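Undergrad: Next comes model_32.cif, mmCIF, C-alpha atoms and all ligand atoms; chains and numbers go by the auth columns:
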```
data_input
#
loop_
_atom_site.group_PDB
_atom_site.id
_atom_site.type_symbol
_atom_site.label_atom_id
_atom_site.label_comp_id
_atom_site.label_asym_id
_atom_site.label_seq_id
_atom_site.Cartn_x
_atom_site.Cartn_y
_atom_site.Cartn_z
_atom_site.B_iso_or_equiv
_atom_site.auth_seq_id
_atom_site.auth_asym_id
ATOM 1 C CA MET A 1 -48.618 -134.269 128.444 0.00 1 B
ATOM 2 C CA LYS A 2 -46.508 -136.630 126.397 0.00 2 B
ATOM 3 C CA ILE A 3 -48.291 -139.054 124.058 0.00 3 B
ATOM 4 C CA LYS A 4 -46.001 -141.989 123.285 0.00 4 B
ATOM 5 C CA ARG A 5 -47.950 -143.997 120.713 0.00 5 B
ATOM 6 C CA LEU A 6 -51.314 -145.213 119.525 0.00 6 B
ATOM 7 C CA ALA A 7 -51.616 -148.043 122.071 0.00 7 B
ATOM 8 C CA HIS A 8 -54.684 -149.647 120.519 0.00 8 B
ATOM 9 C CA VAL A 9 -57.814 -149.195 118.451 0.00 9 B
ATOM 10 C CA GLY A 10 -60.830 -150.428 120.422 0.00 10 B
ATOM 11 C CA ILE A 11 -63.438 -152.381 118.453 0.00 11 B
ATOM 12 C CA ALA A 12 -66.904 -153.058 119.878 0.00 12 B
ATOM 13 C CA VAL A 13 -67.817 -156.692 119.233 0.00 13 B
ATOM 14 C CA LYS A 14 -70.564 -159.105 120.208 0.00 14 B
ATOM 15 C CA SER A 15 -68.179 -162.046 120.497 0.00 15 B
ATOM 16 C CA ILE A 16 -64.385 -161.905 120.777 0.00 16 B
ATOM 17 C CA ASP A 17 -64.113 -165.497 119.502 0.00 17 B
ATOM 18 C CA GLU A 18 -66.187 -164.758 116.382 0.00 18 B
ATOM 19 C CA VAL A 19 -64.531 -161.452 115.507 0.00 19 B
ATOM 20 C CA ALA A 20 -60.985 -162.643 116.285 0.00 20 B
ATOM 21 C CA LYS A 21 -61.348 -165.002 113.283 0.00 21 B
ATOM 22 C CA VAL A 22 -61.262 -161.969 110.971 0.00 22 B
ATOM 23 C CA TYR A 23 -57.778 -161.159 112.241 0.00 23 B
ATOM 24 C CA THR A 24 -56.474 -164.702 112.711 0.00 24 B
ATOM 25 C CA ASP A 25 -58.085 -166.535 109.764 0.00 25 B
ATOM 26 C CA LEU A 26 -58.384 -163.837 107.091 0.00 26 B
ATOM 27 C CA LEU A 27 -55.300 -161.921 108.227 0.00 27 B
ATOM 28 C CA PRO A 28 -52.020 -163.297 109.592 0.00 28 B
ATOM 29 C CA LEU A 29 -52.457 -161.903 113.114 0.00 29 B
ATOM 30 C CA GLU A 30 -52.780 -163.492 116.526 0.00 30 B
ATOM 31 C CA LEU A 31 -55.095 -163.013 119.491 0.00 31 B
ATOM 32 C CA THR A 32 -52.481 -163.100 122.248 0.00 32 B
ATOM 33 C CA SER A 33 -54.551 -162.461 125.366 0.00 33 B
ATOM 34 C CA THR A 34 -58.058 -161.998 126.660 0.00 34 B
ATOM 35 C CA GLU A 35 -58.871 -160.423 129.996 0.00 35 B
ATOM 36 C CA PRO A 36 -61.984 -159.501 131.982 0.00 36 B
ATOM 37 C CA VAL A 37 -62.252 -155.793 132.875 0.00 37 B
ATOM 38 C CA GLY A 38 -65.326 -155.040 134.979 0.00 38 B
ATOM 39 C CA GLU A 39 -68.413 -155.791 132.883 0.00 39 B
ATOM 40 C CA LEU A 40 -66.239 -156.129 129.778 0.00 40 B
ATOM 41 C CA ARG A 41 -63.980 -158.714 128.250 0.00 41 B
ATOM 42 C CA THR A 42 -61.068 -157.548 126.112 0.00 42 B
ATOM 43 C CA GLY A 43 -58.939 -159.380 123.566 0.00 43 B
ATOM 44 C CA PHE A 44 -55.631 -158.040 122.261 0.00 44 B
ATOM 45 C CA ILE A 45 -54.249 -158.532 118.772 0.00 45 B
ATOM 46 C CA PRO A 46 -50.759 -156.987 118.494 0.00 46 B
ATOM 47 C CA ILE A 47 -49.735 -155.218 115.283 0.00 47 B
ATOM 48 C CA GLY A 48 -46.212 -153.805 115.537 0.00 48 B
ATOM 49 C CA GLU A 49 -46.168 -151.115 118.224 0.00 49 B
ATOM 50 C CA THR A 50 -49.944 -151.055 118.523 0.00 50 B
ATOM 51 C CA ASN A 51 -52.892 -153.409 118.999 0.00 51 B
ATOM 52 C CA VAL A 52 -56.430 -154.062 117.977 0.00 52 B
ATOM 53 C CA GLU A 53 -58.461 -154.362 121.187 0.00 53 B
ATOM 54 C CA LEU A 54 -61.672 -156.338 120.809 0.00 54 B
ATOM 55 C CA VAL A 55 -64.132 -155.320 123.519 0.00 55 B
ATOM 56 C CA MET A 56 -67.312 -157.194 124.334 0.00 56 B
ATOM 57 C CA SER A 57 -69.904 -156.797 127.050 0.00 57 B
ATOM 58 C CA THR A 58 -70.304 -159.678 129.477 0.00 58 B
ATOM 59 C CA GLU A 59 -73.673 -158.278 130.562 0.00 59 B
ATOM 60 C CA PRO A 60 -76.624 -158.086 128.168 0.00 60 B
ATOM 61 C CA ASP A 61 -77.464 -154.488 129.146 0.00 61 B
ATOM 62 C CA GLY A 62 -73.894 -153.234 129.744 0.00 62 B
ATOM 63 C CA THR A 63 -72.618 -150.017 128.145 0.00 63 B
ATOM 64 C CA MET A 64 -70.840 -151.859 125.303 0.00 64 B
ATOM 65 C CA ALA A 65 -73.986 -153.923 124.576 0.00 65 B
ATOM 66 C CA LYS A 66 -75.998 -150.690 124.410 0.00 66 B
ATOM 67 C CA PHE A 67 -73.404 -149.115 122.083 0.00 67 B
ATOM 68 C CA ILE A 68 -73.699 -152.095 119.718 0.00 68 B
ATOM 69 C CA ASP A 69 -77.511 -151.995 119.876 0.00 69 B
ATOM 70 C CA LYS A 70 -77.388 -148.354 118.733 0.00 70 B
ATOM 71 C CA LYS A 71 -74.454 -148.284 116.307 0.00 71 B
ATOM 72 C CA GLY A 72 -73.607 -151.887 115.523 0.00 72 B
ATOM 73 C CA GLU A 73 -70.222 -153.547 115.860 0.00 73 B
ATOM 74 C CA GLY A 74 -67.196 -151.547 114.759 0.00 74 B
ATOM 75 C CA VAL A 75 -64.567 -149.008 115.756 0.00 75 B
ATOM 76 C CA HIS A 76 -65.281 -147.740 119.273 0.00 76 B
ATOM 77 C CA HIS A 77 -62.262 -145.772 120.512 0.00 77 B
ATOM 78 C CA LEU A 78 -58.622 -144.810 119.999 0.00 78 B
ATOM 79 C CA ALA A 79 -56.215 -145.274 122.908 0.00 79 B
ATOM 80 C CA PHE A 80 -53.124 -143.115 123.270 0.00 80 B
ATOM 81 C CA GLU A 81 -50.404 -144.136 125.696 0.00 81 B
ATOM 82 C CA VAL A 82 -49.244 -141.291 127.936 0.00 82 B
ATOM 83 C CA ASP A 83 -46.248 -141.191 130.275 0.00 83 B
ATOM 84 C CA ASP A 84 -48.192 -139.749 133.250 0.00 84 B
ATOM 85 C CA ILE A 85 -51.960 -140.136 133.260 0.00 85 B
ATOM 86 C CA ASP A 86 -52.534 -138.115 136.435 0.00 86 B
ATOM 87 C CA ALA A 87 -50.711 -135.142 134.932 0.00 87 B
ATOM 88 C CA ALA A 88 -52.586 -135.627 131.629 0.00 88 B
ATOM 89 C CA VAL A 89 -55.960 -135.640 133.420 0.00 89 B
ATOM 90 C CA GLU A 90 -55.052 -132.477 135.366 0.00 90 B
ATOM 91 C CA GLU A 91 -53.928 -130.796 132.146 0.00 91 B
ATOM 92 C CA LEU A 92 -57.197 -131.652 130.377 0.00 92 B
ATOM 93 C CA LYS A 93 -59.310 -130.559 133.356 0.00 93 B
ATOM 94 C CA ALA A 94 -57.452 -127.223 133.385 0.00 94 B
ATOM 95 C CA LYS A 95 -58.389 -126.843 129.703 0.00 95 B
ATOM 96 C CA GLY A 96 -62.024 -127.565 130.550 0.00 96 B
ATOM 97 C CA VAL A 97 -62.121 -130.783 128.512 0.00 97 B
ATOM 98 C CA PRO A 98 -65.017 -132.998 129.618 0.00 98 B
ATOM 99 C CA LEU A 99 -63.890 -136.454 130.775 0.00 99 B
ATOM 100 C CA THR A 100 -65.988 -139.554 131.389 0.00 100 B
ATOM 101 C CA ALA A 101 -64.879 -139.906 135.041 0.00 101 B
ATOM 102 C CA GLU A 102 -63.268 -137.893 137.839 0.00 102 B
ATOM 103 C CA LYS A 103 -60.166 -140.088 138.204 0.00 103 B
ATOM 104 C CA PRO A 104 -58.320 -142.690 136.110 0.00 104 B
ATOM 105 C CA TRP A 105 -59.392 -146.293 136.694 0.00 105 B
ATOM 106 C CA LYS A 106 -57.946 -149.775 136.019 0.00 106 B
ATOM 107 C CA GLY A 107 -58.154 -151.011 132.431 0.00 107 B
ATOM 108 C CA ALA A 108 -56.726 -154.103 130.739 0.00 108 B
ATOM 109 C CA HIS A 109 -53.050 -155.116 131.264 0.00 109 B
ATOM 110 C CA GLY A 110 -52.772 -153.138 134.510 0.00 110 B
ATOM 111 C CA ALA A 111 -53.111 -149.855 132.625 0.00 111 B
ATOM 112 C CA ARG A 112 -54.712 -146.831 134.248 0.00 112 B
ATOM 113 C CA VAL A 113 -57.167 -145.271 131.836 0.00 113 B
ATOM 114 C CA MET A 114 -59.346 -142.210 131.247 0.00 114 B
ATOM 115 C CA PHE A 115 -61.628 -141.240 128.385 0.00 115 B
ATOM 116 C CA LEU A 116 -62.198 -137.825 126.831 0.00 116 B
ATOM 117 C CA HIS A 117 -65.904 -137.295 126.301 0.00 117 B
ATOM 118 C CA PRO A 118 -66.732 -137.649 122.569 0.00 118 B
ATOM 119 C CA LYS A 119 -68.727 -134.407 122.640 0.00 119 B
ATOM 120 C CA ALA A 120 -65.351 -132.620 123.050 0.00 120 B
ATOM 121 C CA THR A 121 -63.612 -134.550 120.252 0.00 121 B
ATOM 122 C CA HIS A 122 -66.058 -134.386 117.332 0.00 122 B
ATOM 123 C CA GLY A 123 -67.375 -137.860 117.884 0.00 123 B
ATOM 124 C CA VAL A 124 -64.189 -139.858 118.486 0.00 124 B
ATOM 125 C CA LEU A 125 -63.946 -141.530 121.874 0.00 125 B
ATOM 126 C CA ILE A 126 -60.309 -141.058 122.955 0.00 126 B
ATOM 127 C CA GLU A 127 -58.781 -143.127 125.727 0.00 127 B
ATOM 128 C CA LEU A 128 -55.585 -142.154 127.495 0.00 128 B
ATOM 129 C CA CYS A 129 -53.724 -145.008 129.146 0.00 129 B
ATOM 130 C CA GLN A 130 -50.586 -145.404 131.205 0.00 130 B
ATOM 131 C CA TYR A 131 -49.024 -148.832 131.523 0.00 131 B
ATOM 132 C CA PRO A 132 -47.129 -150.005 134.607 0.00 132 B
ATOM 133 C CA GLU A 133 -43.335 -149.549 134.435 0.00 133 B
ATOM 134 C CA GLU A 134 -42.499 -153.219 133.754 0.00 134 B
ATOM 135 C CA HIS A 135 -44.833 -153.380 130.726 0.00 135 B
HETATM 136 ZN ZN ZN B . -59.231 -149.365 125.129 0.00 1 X
#
```
Would it be possible to restate this file's structure as structure tokens?

TA:
Amino acid sequence: MKIKRLAHVGIAVKSIDEVAKVYTDLLPLELTSTEPVGELRTGFIPIGETNVELVMSTEPDGTMAKFIDKKGEGVHHLAFEVDDIDAAVEELKAKGVPLTAEKPWKGAHGARVMFLHPKATHGVLIELCQYPEEH
């Protein structure tokens, strides 16, 4: 498995519009895109080679809403870009690492994503993502 960069830090938020102000009004950054992903909405704030990804639930009892109910808003996951997510998933399965799904699924920006279960990573939710070639 080759990890190319920290693609983004995922932040659990109640409202992308509200939280984006921290980055755009207090800091000189820009919210460049927002995108629905299943029951979530994501907003990307580029910082050099990486991004802050604001993630909010669009359903009151969705998984992100439940996370915020329990732990409050804040850092939710780290996303590492890999060159081949299918190979990465096979490699982790062979090592017995628990994953949150059987197969990679579609995330924001056409990426294919998978999460390592936080019980295997001392509490940090780690996302692996592979972007389409043209990205
Ligand atoms: Zn993410």

Undergrad: Residues of chain B within 7 Å of ligand ZN 1 (chain X): nearest atom pair and distance (Å, one decimal) for each, counting only C-alpha atoms and all ligand atoms, sorted by chain and number, as a tab-separated table?

TA:
```
residue	atom	partner	partner_atom	distance
B:His8	CA	X:ZN1	ZN	6.5
B:Val9	CA	X:ZN1	ZN	6.8
B:Gly10	CA	X:ZN1	ZN	5.1
B:Glu53	CA	X:ZN1	ZN	6.4
B:His77	CA	X:ZN1	ZN	6.6
B:Leu78	CA	X:ZN1	ZN	6.9
B:Ala79	CA	X:ZN1	ZN	5.5
B:Glu127	CA	X:ZN1	ZN	6.3
```

Undergrad: Which residues are close to B:Asp69, i.e. within 12 Å by all atoms listed in the file, leaving aside same-chain residues fewer than 3 positions away? Reply as a list in words.

TA: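 Answer for this query is Ala12, Val13, Lys14, Ser57, Pro60, Asp61, Gly62, Thr63, Met64, Ala65, Lys66, Gly72, Glu73 and Gly74 of chain B.
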
Undergrad: Go ahead and write the residues just picked, C-alpha atoms, as a PDB file, in the coordinates of the input.

TA:
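File written: again-v5.pdb
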```
ATOM      1  CA  ALA B  12     -66.904-153.058 119.878  1.00  0.00           C
ATOM      2  CA  VAL B  13     -67.817-156.692 119.233  1.00  0.00           C
ATOM      3  CA  LYS B  14     -70.564-159.105 120.208  1.00  0.00           C
ATOM      4  CA  SER B  57     -69.904-156.797 127.050  1.00  0.00           C
ATOM      5  CA  PRO B  60     -76.624-158.086 128.168  1.00  0.00           C
ATOM      6  CA  ASP B  61     -77.464-154.488 129.146  1.00  0.00           C
ATOM      7  CA  GLY B  62     -73.894-153.234 129.744  1.00  0.00           C
ATOM      8  CA  THR B  63     -72.618-150.017 128.145  1.00  0.00           C
ATOM      9  CA  MET B  64     -70.840-151.859 125.303  1.00  0.00           C
ATOM     10  CA  ALA B  65     -73.986-153.923 124.576  1.00  0.00           C
ATOM     11  CA  LYS B  66     -75.998-150.690 124.410  1.00  0.00           C
ATOM     12  CA  GLY B  72     -73.607-151.887 115.523  1.00  0.00           C
ATOM     13  CA  GLU B  73     -70.222-153.547 115.860  1.00  0.00           C
ATOM     14  CA  GLY B  74     -67.196-151.547 114.759  1.00  0.00           C
TER      15      GLY B  74
END
```

Undergrad: Identify all residues satisfying the PyMOL selection byres (((chain B and resi 19) around 12) and not hetatm) in the given file; provide them as a short mmCIF file (atom, residue, chain, number, x, y, z; two decimals) with C-alpha atoms, keeping the file's coordinate frame.

TA:
```cif
data_model
loop_
_atom_site.label_atom_id
_atom_site.label_comp_id
_atom_site.auth_asym_id
_atom_site.auth_seq_id
_atom_site.Cartn_x
_atom_site.Cartn_y
_atom_site.Cartn_z
CA ILE B 11 -63.44 -152.38 118.45
CA ALA B 12 -66.90 -153.06 119.88
CA VAL B 13 -67.82 -156.69 119.23
CA LYS B 14 -70.56 -159.10 120.21
CA SER B 15 -68.18 -162.05 120.50
CA ILE B 16 -64.39 -161.90 120.78
CA ASP B 17 -64.11 -165.50 119.50
CA GLU B 18 -66.19 -164.76 116.38
CA ALA B 20 -60.98 -162.64 116.28
CA LYS B 21 -61.35 -165.00 113.28
CA VAL B 22 -61.26 -161.97 110.97
CA TYR B 23 -57.78 -161.16 112.24
CA THR B 24 -56.47 -164.70 112.71
CA ASP B 25 -58.08 -166.54 109.76
CA LEU B 26 -58.38 -163.84 107.09
CA LEU B 27 -55.30 -161.92 108.23
CA GLU B 30 -52.78 -163.49 116.53
CA LEU B 31 -55.10 -163.01 119.49
CA THR B 42 -61.07 -157.55 126.11
CA GLY B 43 -58.94 -159.38 123.57
CA PHE B 44 -55.63 -158.04 122.26
CA ILE B 45 -54.25 -158.53 118.77
CA VAL B 52 -56.43 -154.06 117.98
CA GLU B 53 -58.46 -154.36 121.19
CA LEU B 54 -61.67 -156.34 120.81
CA VAL B 55 -64.13 -155.32 123.52
CA MET B 56 -67.31 -157.19 124.33
CA GLU B 73 -70.22 -153.55 115.86
CA GLY B 74 -67.20 -151.55 114.76
#
```

Undergrad: Quick one: of B:Leu92, B:Leu6, B:Leu128, B:Val75, who's nearest to B:Asn51, counting only C-alpha atoms?

TA: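 Of B:Leu92, B:Leu6, B:Leu128, B:Val75, the one nearest B:Asn51 is B:Leu6, counting only C-alpha atoms.
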
Undergrad: Which residue out of B:Lys2, B:His109, B:Lys71, B:Arg41 has the minimum interatomic distance to B:Val89 when all atoms listed in the file are used?

TA: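 Of all the options, B:Lys2 lies closest to B:Val89.
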
Undergrad: Quick one: pull the distance between atom CA of B:Ala87 and atom CA of B:Pro46, Å, one decimal.

TA: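 Pair atom CA of B:Ala87 / atom CA of B:Pro46 returns 27.3 Å.
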
Undergrad: So that I can check the surroundings of B:His117, please list as a list in words every protein, DNA and RNA residue that reaches within 9 Å of it, counting only C-alpha atoms and ignoring chain neighbours fewer than 3 positions away.

TA: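 The neighbour list is Val97, Pro98, Leu99, Thr100, Ala120, Thr121, Gly123, Val124, Leu125 and Ile126 of chain B.
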
Undergrad: For the PyMOL selection byres (((chain B and resi 104) around 12) and not hetatm), applied here, can you spell out every residue it catches as a list in words?

TA: Asp84, Ile85, Asp86, Ala87, Ala88, Val89, Glu90, Leu99, Thr100, Ala101, Glu102, Lys103, Trp105, Lys106, Gly107, Gly110, Ala111, Arg112, Val113, Met114, Phe115, Leu116, Glu127, Leu128, Cys129 and Gln130 of chain B

Undergrad: Just checking: using all atoms listed in the file, which residue out of B:Ala7, B:Leu40, B:Ile68, B:Ile47 ends up closest to B:Glu81?

TA: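 Closest candidate: B:Ala7.
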
Undergrad: Select, from B:Glu35, B:Met1, B:Glu133, B:Glu59, the residue with the minimum atom-to-atom distance to B:Glu91, counting all atoms listed in the file.

TA: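 For B:Glu91, the nearest of the candidates is B:Met1.
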
Undergrad: What is the distance, in Å and to one decimal place, between atom CA of B:Glu49 and atom CA of B:Phe80?

TA: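 We find that atom CA of B:Glu49 and atom CA of B:Phe80 lie 11.7 Å from each other.
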
Undergrad: So that all listed atoms of stretch 64-76 of chain B fit with 4 Å spare on each side, what axis-aligned box centre and edge lengths in Å, to one decimal, would you give as JSON?

TA:
```
{"center_x": -71.0, "center_y": -150.8, "center_z": 120.0, "size_x": 20.9, "size_y": 14.2, "size_z": 18.5}
```

Undergrad: What gap, in Å, lies between atom CA of B:Gly96 and atom CA of B:Lys119?

TA: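 Answer for the atom CA of B:Gly96 to atom CA of B:Lys119 separation: 12.4 Å.
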